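Engineer: Supplied in structure tokens, the structure appears directly below.
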Amino acid sequence: MSEASIPKQSEDFAEWYNQLVIKAELADYAPVRGCMVVRPYGWSLWENIQASLDERFKETGHQNAAFPLFIPQSFMEKEQSHVEGFSPELAVVTIGGGQKLEEPLVVRPTSETIIGHMYAKWIKSYRDLPVLINQWNNVVRWEMRTKLFIRTMEFYWQEGHTAHATSEEAQAETLQMLDIYADFAKDKAAIPVVRGRKSEKEKFAGAVRTYSIEAMMRDTRALQSATSHNLGQNFARAFDIQYLDDQNELQYVWTTSWGLSTRFIGAIIMAHGDDKGLILPPKLAPYQVVLVPIYKNDQEKSQVMEVVQQIKRKLADFRLTVDEREGVRPGFKFNDWEMRGVPIRVEIGPKDVENRTVAVARRDIPGREGKSFVSQDGLESTIADLLEEIHTSMYQRALTFREEHTYQPDDYGSFKEVVKSGWADVWWCGETDCELEIKADTRATSRNIPIDQPGGSGVCVHCGKPAHERAIFSRAY
């Protein structure tokens with residue numbers, strides 16, 4: 001690998017992304033169109049995402065479970081808006097064991113229906129509530145235009161499904177999970193996001209309200225990075241999920257669902273990467289540190305590798321790998337690990353052995369500016385401090401980029417120019433017809449209506465009608 005082996009972002013961002021995913025060995029194309037093989041390096045990144053989220057879910061009382069991959073087709077038809085929203089994306093099994101099935105089975109696109117069926121069996125009394133369940137699984141949606149991690153026919157995710165006694169509890173759950181996703185994005189992935197409510201057009205099929213976190217990529221497009229849905233009583237009524245309240249009266253439960261998928265890996269790639277490759281956030285990177293021994297002969301190798309092993313033991317608390325490849329020049333190794341986005345590269349040569357130092361290179365600051373020589377003594381604390389500094393620097397860089405490319409146009413002419421290469425933060429009437437006209441005219445969609453509103457009112461940037469909320473519009477993945 002080398003710097004010239006991928007296109008520059010400024011020349012072809014889409015191809016930069018496509019080649020980087022392959023060459024950094026995150027994923028590869030599967031033999032089935034639209035599917036992907038997640039390679040060990042990419043899966044390790046996903047495992048770190050899983051671990052961080054799973055801890056947050058369990059801290060808030062959620063438990064993991066597993067539900068079937070196959071769903072009776074009749075289940076999908078019980079909630080009308082749900083079936084209308086998902087019908088074009090369904091994969092349906094009609095033959096099993098060599099025989100035609102009595103009822104076709106849908107390959108899971110999402111699990112609200114099968115879980116609704118089970119909740120109806122399990123929930124009988126107010127004492128059974130709330131039910132707080134999450135599952136880690138794969139789902140299938142028959143996408144026509146696919147892109148590794150960002151949009152594939154099969155992808156991996158978590159989907160939370162909860163049931164509550166009151167509307168207020170369900171809404172609190174919906175917003176709590178949105179905040180968990182936003183905190184995770186900032187604290188672990190160093191990605192600033194905008195929390196907000198989706199428009200009526202963009203909300204989840206079957207939801208009363210949908211919320212999302214939206215992140216800006218390095219090409220200024222938006223990426224919906226996670227969603228949280230208040231489903232009201234739509235699925236409760238469709239699947240007859242009722243309970244006896246403390247007055248011994250039958251009530252329908254209120255449900256929610258929420259999810260984050262391997263699409264978030266795409267967010268990490270496109271929010272942080274540069275022309276050299278990945279820049280991975282230290283708290284999620286498969287390797288936080290790579291040790292690169294440098295020597296010319298067996299004698300130097302013996303001296304250097306002895307120190308490498310000592311340092312490896314010192315840094316045992318970090319995710320670390322040693323590049324012991326033979327027959328490969330140090331420069332090649334440097335470029336290789338830069339491509340893979342490892343936050344810190346530690347170089348150890350004969351002079352470092354003699355001086356009891358190491359060369360430390362930061363991935364987030366390329367070239368000489370990001371390289372320094374530090375003592376081997378106290379290296380553990382040096383690396384720990386540096387990883388924190390890198391995380392903060394990455395977050396600030398992404399936030400500054402978003403702020404520099406978010407505009408507040410006052411008229412529609414300016415709006416049309418802004419959304420070609422940035423986000424538009426505007427007063428909007430919220431009407432679907434207006435949104436459809438904007439999309440047809442500019443290819444920009446409402447990303448969300450931010451929870452943090454400035455107050456006051458204005459006029460819709462497109463139609464001129466009274467507007468009481470500001471919304472984010474942009475082109476998106």
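Ordering of the structure tokens sets the chain letters (A, B, ...); residue numbers start at 1 within each chain; ligands are numbered from 1 in the order shown.
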Can you tell me, as a ChimeraX atom specification, which residues in region 199-393 of chain A count as strand (DSSP E or B) by DSSP?
Structural biologist: /A:209-216,222-232,242-244,250-252,254-261,274,277,289-293,320-322,344-348,357-362,371-375
Engineer: Export C-alpha atoms of the chosen residues as a PDB file, in the first residue's frame?
Structural biologist:
```
ATOM      1  CA  ARG A 209     -42.302   9.942  15.881  1.00  0.00           C
ATOM      2  CA  THR A 210     -38.804   9.109  14.688  1.00  0.00           C
ATOM      3  CA  TYR A 211     -35.624  10.743  15.956  1.00  0.00           C
ATOM      4  CA  SER A 212     -32.132  10.521  14.495  1.00  0.00           C
ATOM      5  CA  ILE A 213     -28.549  11.566  14.946  1.00  0.00           C
ATOM      6  CA  GLU A 214     -27.079  13.096  11.792  1.00  0.00           C
ATOM      7  CA  ALA A 215     -23.365  13.442  11.067  1.00  0.00           C
ATOM      8  CA  MET A 216     -21.533  15.403   8.387  1.00  0.00           C
ATOM      9  CA  ALA A 222     -25.172  13.919   5.837  1.00  0.00           C
ATOM     10  CA  LEU A 223     -25.276  10.378   7.147  1.00  0.00           C
ATOM     11  CA  GLN A 224     -28.145   9.204   9.341  1.00  0.00           C
ATOM     12  CA  SER A 225     -26.113   7.384  11.973  1.00  0.00           C
ATOM     13  CA  ALA A 226     -28.770   5.959  14.320  1.00  0.00           C
ATOM     14  CA  THR A 227     -32.520   6.216  14.858  1.00  0.00           C
ATOM     15  CA  SER A 228     -34.955   5.991  17.761  1.00  0.00           C
ATOM     16  CA  HIS A 229     -38.692   5.497  17.188  1.00  0.00           C
ATOM     17  CA  ASN A 230     -41.718   6.142  19.368  1.00  0.00           C
ATOM     18  CA  LEU A 231     -44.186   3.609  17.949  1.00  0.00           C
ATOM     19  CA  GLY A 232     -47.107   4.775  20.071  1.00  0.00           C
ATOM     20  CA  GLN A 242     -52.605  -5.612  26.239  1.00  0.00           C
ATOM     21  CA  TYR A 243     -52.137  -5.662  29.990  1.00  0.00           C
ATOM     22  CA  LEU A 244     -54.293  -5.339  33.088  1.00  0.00           C
ATOM     23  CA  LEU A 250     -57.224  -3.750  29.975  1.00  0.00           C
ATOM     24  CA  GLN A 251     -54.829  -1.277  28.331  1.00  0.00           C
ATOM     25  CA  TYR A 252     -52.666  -1.345  25.215  1.00  0.00           C
ATOM     26  CA  TRP A 254     -46.819   1.815  24.266  1.00  0.00           C
ATOM     27  CA  THR A 255     -43.769   0.607  22.354  1.00  0.00           C
ATOM     28  CA  THR A 256     -40.448   1.906  21.018  1.00  0.00           C
ATOM     29  CA  SER A 257     -37.671   0.633  18.795  1.00  0.00           C
ATOM     30  CA  TRP A 258     -34.186   1.972  18.104  1.00  0.00           C
ATOM     31  CA  GLY A 259     -31.092   0.893  16.208  1.00  0.00           C
ATOM     32  CA  LEU A 260     -27.520   1.508  15.065  1.00  0.00           C
ATOM     33  CA  SER A 261     -25.903  -0.584  12.340  1.00  0.00           C
ATOM     34  CA  ASP A 274      -7.939  11.698   4.718  1.00  0.00           C
ATOM     35  CA  GLY A 277      -6.543   6.477   4.433  1.00  0.00           C
ATOM     36  CA  VAL A 289      -0.783   1.337  18.915  1.00  0.00           C
ATOM     37  CA  VAL A 290       1.429  -0.378  16.370  1.00  0.00           C
ATOM     38  CA  LEU A 291       5.103  -1.036  17.215  1.00  0.00           C
ATOM     39  CA  VAL A 292       7.399  -0.974  14.192  1.00  0.00           C
ATOM     40  CA  PRO A 293      10.912  -2.391  14.813  1.00  0.00           C
ATOM     41  CA  LEU A 320      -1.437  -3.202  20.391  1.00  0.00           C
ATOM     42  CA  THR A 321       0.216  -5.072  17.551  1.00  0.00           C
ATOM     43  CA  VAL A 322       3.861  -5.511  16.541  1.00  0.00           C
ATOM     44  CA  ILE A 344      -0.294   5.848  17.226  1.00  0.00           C
ATOM     45  CA  ARG A 345       2.746   4.352  15.533  1.00  0.00           C
ATOM     46  CA  VAL A 346       5.794   3.698  17.729  1.00  0.00           C
ATOM     47  CA  GLU A 347       9.092   3.239  15.876  1.00  0.00           C
ATOM     48  CA  ILE A 348      12.073   1.589  17.580  1.00  0.00           C
ATOM     49  CA  THR A 357      13.698   6.684  23.435  1.00  0.00           C
ATOM     50  CA  VAL A 358      11.097   5.840  20.824  1.00  0.00           C
ATOM     51  CA  ALA A 359       9.678   7.778  17.886  1.00  0.00           C
ATOM     52  CA  VAL A 360       5.925   8.343  18.236  1.00  0.00           C
ATOM     53  CA  ALA A 361       3.811   9.285  15.211  1.00  0.00           C
ATOM     54  CA  ARG A 362       0.204  10.473  15.493  1.00  0.00           C
ATOM     55  CA  LYS A 371       6.036  12.887  15.090  1.00  0.00           C
ATOM     56  CA  SER A 372       8.103  13.243  18.266  1.00  0.00           C
ATOM     57  CA  PHE A 373      10.768  11.406  20.257  1.00  0.00           C
ATOM     58  CA  VAL A 374       9.848  10.445  23.807  1.00  0.00           C
ATOM     59  CA  SER A 375      11.472   8.546  26.638  1.00  0.00           C
TER      60      SER A 375
END
```
Engineer: Need to verify the contact set: Val139 (chain A), 6 Å, only C-alpha atoms, exclusion of same-chain residues closer than 6 positions in sequence. Can you return it as a PyMOL selection string?
Structural biologist: chain A and resi 108-109+154-155
Engineer: Could you write those residues out with N, CA and C atoms, as a short mmCIF file (atom, residue, chain, number, x, y, z; two decimals), in the first residue's frame?
Structural biologist:
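Once written, result_29.cif looks like this:
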```cif
data_model
loop_
_atom_site.label_atom_id
_atom_site.label_comp_id
_atom_site.auth_asym_id
_atom_site.auth_seq_id
_atom_site.Cartn_x
_atom_site.Cartn_y
_atom_site.Cartn_z
N ARG A 108 -36.06 -11.38 7.83
CA ARG A 108 -36.16 -10.23 8.73
C ARG A 108 -35.57 -8.93 8.15
N PRO A 109 -36.42 -7.90 7.91
CA PRO A 109 -35.91 -6.58 7.56
C PRO A 109 -35.76 -5.71 8.81
N GLU A 154 -27.76 -7.01 3.07
CA GLU A 154 -27.68 -7.60 4.40
C GLU A 154 -26.72 -6.75 5.22
N PHE A 155 -27.12 -6.42 6.44
CA PHE A 155 -26.21 -5.68 7.31
C PHE A 155 -26.41 -6.12 8.75
#
```
Engineer: Kindly indicate which residue among A:Asp317, A:Glu324, A:Ile22, A:Glu202 lies nearest to Glu435 (chain A), using only C-alpha atoms for the distances.
Structural biologist: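 Nearest to Glu435 (chain A): A:Glu202.
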Engineer: Point out the residue among A:Asp275, A:Glu77, A:Glu59, A:Glu403 with the least atom-to-atom distance to Ile180 (chain A), counting only C-alpha atoms.
Structural biologist: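 Among the listed residues, A:Glu59 lies closest to Ile180 (chain A).
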Engineer: Compile a residue-level contact table for region 269-323 of chain A against region 334-343 of chain A at a cut-off of 8 Å, reporting for every qualifying residue the shortest atom pair and its distance in Å to one decimal, with only C-alpha atoms counted, rows ordered by chain and ascending number, as CSV.
Structural biologist:
```
residue,atom,partner,partner_atom,distance
A:Lys276,CA,A:Met339,CA,5.7
A:Gly277,CA,A:Met339,CA,4.2
A:Leu278,CA,A:Gly341,CA,4.2
A:Ile279,CA,A:Gly341,CA,4.2
A:Leu280,CA,A:Gly341,CA,5.1
A:Pro281,CA,A:Pro343,CA,7.0
A:Pro282,CA,A:Pro343,CA,5.9
A:Ala285,CA,A:Val342,CA,6.8
A:Pro286,CA,A:Val342,CA,7.9
A:Tyr287,CA,A:Val342,CA,6.0
A:Gln288,CA,A:Pro343,CA,5.5
A:Val289,CA,A:Val342,CA,6.4
A:Val290,CA,A:Val342,CA,7.0
```
Engineer: Let's have the selection written as an mmCIF file, in the first residue's frame, with C-alpha atoms.
Structural biologist:
```
data_model
loop_
_atom_site.group_PDB
_atom_site.id
_atom_site.type_symbol
_atom_site.label_atom_id
_atom_site.label_comp_id
_atom_site.auth_asym_id
_atom_site.auth_seq_id
_atom_site.Cartn_x
_atom_site.Cartn_y
_atom_site.Cartn_z
ATOM 1 C CA LYS A 276 -3.680 8.697 3.247
ATOM 2 C CA GLY A 277 -6.543 6.477 4.433
ATOM 3 C CA LEU A 278 -8.406 5.802 7.640
ATOM 4 C CA ILE A 279 -8.077 7.856 10.801
ATOM 5 C CA LEU A 280 -9.668 5.690 13.477
ATOM 6 C CA PRO A 281 -10.870 7.056 16.824
ATOM 7 C CA PRO A 282 -8.621 5.661 19.583
ATOM 8 C CA ALA A 285 -9.724 1.343 16.773
ATOM 9 C CA PRO A 286 -8.892 -2.382 16.494
ATOM 10 C CA TYR A 287 -5.290 -1.426 17.328
ATOM 11 C CA GLN A 288 -4.563 1.725 19.292
ATOM 12 C CA VAL A 289 -0.783 1.337 18.915
ATOM 13 C CA VAL A 290 1.429 -0.378 16.370
#
```
Engineer: If you measure from CA of Asp433 (chain A) to CA of Val461 (chain A), what distance in Å do you get, rounded to one decimal?
Structural biologist: 13.7 Å
Engineer: Using only C-alpha atoms for the distances, tell me which of A:Thr392, A:Gln158, A:Ser10, A:Thr146 is nearest to Gln63 (chain A).
Structural biologist: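 Distance minimum relative to Gln63 (chain A) lands on A:Gln158.
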Engineer: Taking the DSSP assignment computed from this structure's backbone, write out as a PyMOL selection string all residues of region 178-406 of chain A that belong to alpha helix (DSSP H).
Structural biologist: chain A and resi 178-187+234-238+263-272+298-314+330-340+350-355+379-404
Engineer: Restrict the selected residues to C-alpha atoms and save them as a PDB file, in the first residue's frame.
Structural biologist:
```pdb
ATOM      1  CA  LEU A 178     -31.285   8.966  21.181  1.00  0.00           C
ATOM      2  CA  ASP A 179     -29.085  10.590  23.827  1.00  0.00           C
ATOM      3  CA  ILE A 180     -27.177   7.329  24.322  1.00  0.00           C
ATOM      4  CA  TYR A 181     -26.387   7.214  20.604  1.00  0.00           C
ATOM      5  CA  ALA A 182     -25.328  10.867  20.577  1.00  0.00           C
ATOM      6  CA  ASP A 183     -23.088  10.377  23.613  1.00  0.00           C
ATOM      7  CA  PHE A 184     -21.544   7.270  22.068  1.00  0.00           C
ATOM      8  CA  ALA A 185     -20.849   9.102  18.801  1.00  0.00           C
ATOM      9  CA  LYS A 186     -19.091  11.921  20.634  1.00  0.00           C
ATOM     10  CA  ASP A 187     -17.361  10.025  23.446  1.00  0.00           C
ATOM     11  CA  ASN A 234     -49.627   1.182  16.493  1.00  0.00           C
ATOM     12  CA  PHE A 235     -47.933  -2.190  16.902  1.00  0.00           C
ATOM     13  CA  ALA A 236     -49.640  -2.844  20.246  1.00  0.00           C
ATOM     14  CA  ARG A 237     -53.043  -2.628  18.547  1.00  0.00           C
ATOM     15  CA  ALA A 238     -51.896  -4.559  15.490  1.00  0.00           C
ATOM     16  CA  ARG A 263     -23.425   1.866   8.620  1.00  0.00           C
ATOM     17  CA  PHE A 264     -21.739   3.614  11.541  1.00  0.00           C
ATOM     18  CA  ILE A 265     -18.427   2.174  10.350  1.00  0.00           C
ATOM     19  CA  GLY A 266     -19.025   4.126   7.152  1.00  0.00           C
ATOM     20  CA  ALA A 267     -19.596   7.216   9.281  1.00  0.00           C
ATOM     21  CA  ILE A 268     -16.236   6.747  11.012  1.00  0.00           C
ATOM     22  CA  ILE A 269     -14.471   6.314   7.674  1.00  0.00           C
ATOM     23  CA  MET A 270     -16.044   9.342   5.998  1.00  0.00           C
ATOM     24  CA  ALA A 271     -16.084  11.697   8.980  1.00  0.00           C
ATOM     25  CA  HIS A 272     -12.386  11.289   9.802  1.00  0.00           C
ATOM     26  CA  ASP A 298      20.643  -9.720  12.851  1.00  0.00           C
ATOM     27  CA  GLN A 299      22.645  -7.986  15.583  1.00  0.00           C
ATOM     28  CA  GLU A 300      20.492  -4.870  15.439  1.00  0.00           C
ATOM     29  CA  LYS A 301      17.388  -7.048  15.236  1.00  0.00           C
ATOM     30  CA  SER A 302      18.318  -8.846  18.446  1.00  0.00           C
ATOM     31  CA  GLN A 303      18.858  -5.572  20.315  1.00  0.00           C
ATOM     32  CA  VAL A 304      15.740  -3.896  18.942  1.00  0.00           C
ATOM     33  CA  MET A 305      13.401  -6.847  19.439  1.00  0.00           C
ATOM     34  CA  GLU A 306      14.449  -7.215  23.063  1.00  0.00           C
ATOM     35  CA  VAL A 307      13.322  -3.629  23.699  1.00  0.00           C
ATOM     36  CA  VAL A 308      10.192  -4.127  21.594  1.00  0.00           C
ATOM     37  CA  GLN A 309       9.149  -6.994  23.870  1.00  0.00           C
ATOM     38  CA  GLN A 310       9.797  -4.854  26.948  1.00  0.00           C
ATOM     39  CA  ILE A 311       7.662  -2.050  25.547  1.00  0.00           C
ATOM     40  CA  LYS A 312       4.970  -4.493  24.497  1.00  0.00           C
ATOM     41  CA  ARG A 313       4.684  -5.628  28.113  1.00  0.00           C
ATOM     42  CA  LYS A 314       4.627  -2.005  29.313  1.00  0.00           C
ATOM     43  CA  PRO A 330       9.909   0.499   7.127  1.00  0.00           C
ATOM     44  CA  GLY A 331       8.440   3.122   4.787  1.00  0.00           C
ATOM     45  CA  PHE A 332       6.040   0.561   3.361  1.00  0.00           C
ATOM     46  CA  LYS A 333       4.970  -0.399   6.882  1.00  0.00           C
ATOM     47  CA  PHE A 334       4.428   3.237   7.823  1.00  0.00           C
ATOM     48  CA  ASN A 335       2.191   3.807   4.791  1.00  0.00           C
ATOM     49  CA  ASP A 336       0.350   0.550   5.452  1.00  0.00           C
ATOM     50  CA  TRP A 337      -0.533   1.459   9.044  1.00  0.00           C
ATOM     51  CA  GLU A 338      -1.441   4.989   8.018  1.00  0.00           C
ATOM     52  CA  MET A 339      -3.866   3.482   5.510  1.00  0.00           C
ATOM     53  CA  ARG A 340      -5.351   1.367   8.300  1.00  0.00           C
ATOM     54  CA  PRO A 350      19.110   0.967  17.191  1.00  0.00           C
ATOM     55  CA  LYS A 351      19.514   4.635  18.159  1.00  0.00           C
ATOM     56  CA  ASP A 352      16.304   4.471  20.178  1.00  0.00           C
ATOM     57  CA  VAL A 353      17.684   1.434  22.013  1.00  0.00           C
ATOM     58  CA  GLU A 354      20.862   3.355  22.786  1.00  0.00           C
ATOM     59  CA  ASN A 355      19.049   6.546  23.852  1.00  0.00           C
ATOM     60  CA  LEU A 379       5.712   5.479  28.069  1.00  0.00           C
ATOM     61  CA  GLU A 380       2.416   4.057  29.369  1.00  0.00           C
ATOM     62  CA  SER A 381       1.204   7.445  30.614  1.00  0.00           C
ATOM     63  CA  THR A 382       2.611   9.203  27.541  1.00  0.00           C
ATOM     64  CA  ILE A 383       0.577   6.937  25.242  1.00  0.00           C
ATOM     65  CA  ALA A 384      -2.561   7.223  27.402  1.00  0.00           C
ATOM     66  CA  ASP A 385      -2.401  11.022  27.366  1.00  0.00           C
ATOM     67  CA  LEU A 386      -1.713  11.067  23.653  1.00  0.00           C
ATOM     68  CA  LEU A 387      -4.702   8.858  22.854  1.00  0.00           C
ATOM     69  CA  GLU A 388      -6.974  11.220  24.785  1.00  0.00           C
ATOM     70  CA  GLU A 389      -5.450  14.182  22.967  1.00  0.00           C
ATOM     71  CA  ILE A 390      -5.995  12.488  19.611  1.00  0.00           C
ATOM     72  CA  HIS A 391      -9.654  11.803  20.425  1.00  0.00           C
ATOM     73  CA  THR A 392     -10.251  15.418  21.415  1.00  0.00           C
ATOM     74  CA  SER A 393      -8.425  16.683  18.345  1.00  0.00           C
ATOM     75  CA  MET A 394     -10.430  14.428  16.011  1.00  0.00           C
ATOM     76  CA  TYR A 395     -13.722  15.532  17.520  1.00  0.00           C
ATOM     77  CA  GLN A 396     -12.812  19.202  17.296  1.00  0.00           C
ATOM     78  CA  ARG A 397     -11.651  18.825  13.696  1.00  0.00           C
ATOM     79  CA  ALA A 398     -14.948  17.192  12.719  1.00  0.00           C
ATOM     80  CA  LEU A 399     -16.984  19.779  14.633  1.00  0.00           C
ATOM     81  CA  THR A 400     -15.110  22.682  13.074  1.00  0.00           C
ATOM     82  CA  PHE A 401     -15.599  21.177   9.617  1.00  0.00           C
ATOM     83  CA  ARG A 402     -19.355  20.867  10.213  1.00  0.00           C
ATOM     84  CA  GLU A 403     -19.647  24.400  11.548  1.00  0.00           C
ATOM     85  CA  GLU A 404     -17.709  25.785   8.579  1.00  0.00           C
TER      86      GLU A 404
END
```
Engineer: List the spatial neighbours of Pro72 (chain A) as a PyMOL selection string - criterion: any atom at most 10 Å away, only C-alpha atoms, same-chain residues fewer than 4 positions off excluded.
Structural biologist: chain A and resi 76-77+92-93+103-108+113-114
Engineer: May I have the residues from that selection written out with N, CA and C atoms, as a compact mmCIF listing (two decimals), in the first residue's frame?
Structural biologist:
```txt
# COMPACT_ATOMS: atom_id res chain seq x y z
N MET A 76 -46.26 -9.10 8.66
CA MET A 76 -45.86 -7.83 8.06
C MET A 76 -47.08 -7.03 7.60
N GLU A 77 -48.21 -7.72 7.42
CA GLU A 77 -49.39 -7.06 6.87
C GLU A 77 -50.32 -6.52 7.96
N VAL A 92 -38.49 -12.72 0.32
CA VAL A 92 -39.53 -13.66 0.76
C VAL A 92 -39.15 -15.08 0.37
N VAL A 93 -39.25 -15.99 1.34
CA VAL A 93 -38.98 -17.41 1.11
C VAL A 93 -40.29 -18.12 0.84
N GLU A 103 -47.35 -20.79 4.10
CA GLU A 103 -47.31 -19.34 4.20
C GLU A 103 -45.89 -18.87 3.92
N PRO A 104 -45.71 -17.94 3.00
CA PRO A 104 -44.36 -17.42 2.74
C PRO A 104 -43.76 -16.81 4.00
N LEU A 105 -42.44 -16.86 4.07
CA LEU A 105 -41.71 -16.29 5.20
C LEU A 105 -40.86 -15.12 4.72
N VAL A 106 -40.94 -14.03 5.43
CA VAL A 106 -40.13 -12.85 5.14
C VAL A 106 -38.80 -12.97 5.87
N VAL A 107 -37.71 -12.72 5.17
CA VAL A 107 -36.40 -12.67 5.82
C VAL A 107 -36.32 -11.32 6.54
N ARG A 108 -36.06 -11.38 7.83
CA ARG A 108 -36.16 -10.23 8.73
C ARG A 108 -35.57 -8.93 8.15
N THR A 113 -42.51 -6.72 14.16
CA THR A 113 -43.68 -7.60 14.05
C THR A 113 -43.52 -8.89 14.85
N ILE A 114 -42.41 -9.58 14.69
CA ILE A 114 -42.21 -10.83 15.42
C ILE A 114 -42.11 -10.56 16.92
```
Engineer: Choose the residue, out of A:Gly85, A:Arg319, A:Gly97, A:Pro192, that has the smallest atom-to-atom separation from Ala205 (chain A); count only C-alpha atoms.
Structural biologist: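 Between A:Gly85, A:Arg319, A:Gly97, A:Pro192, the residue approaching Ala205 (chain A) most closely is A:Gly85.
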Engineer: Could you tell me how far CA of Glu168 (chain A) lies from CA of Gln80 (chain A), in Å and to one decimal?
Structural biologist: 24.4 Å
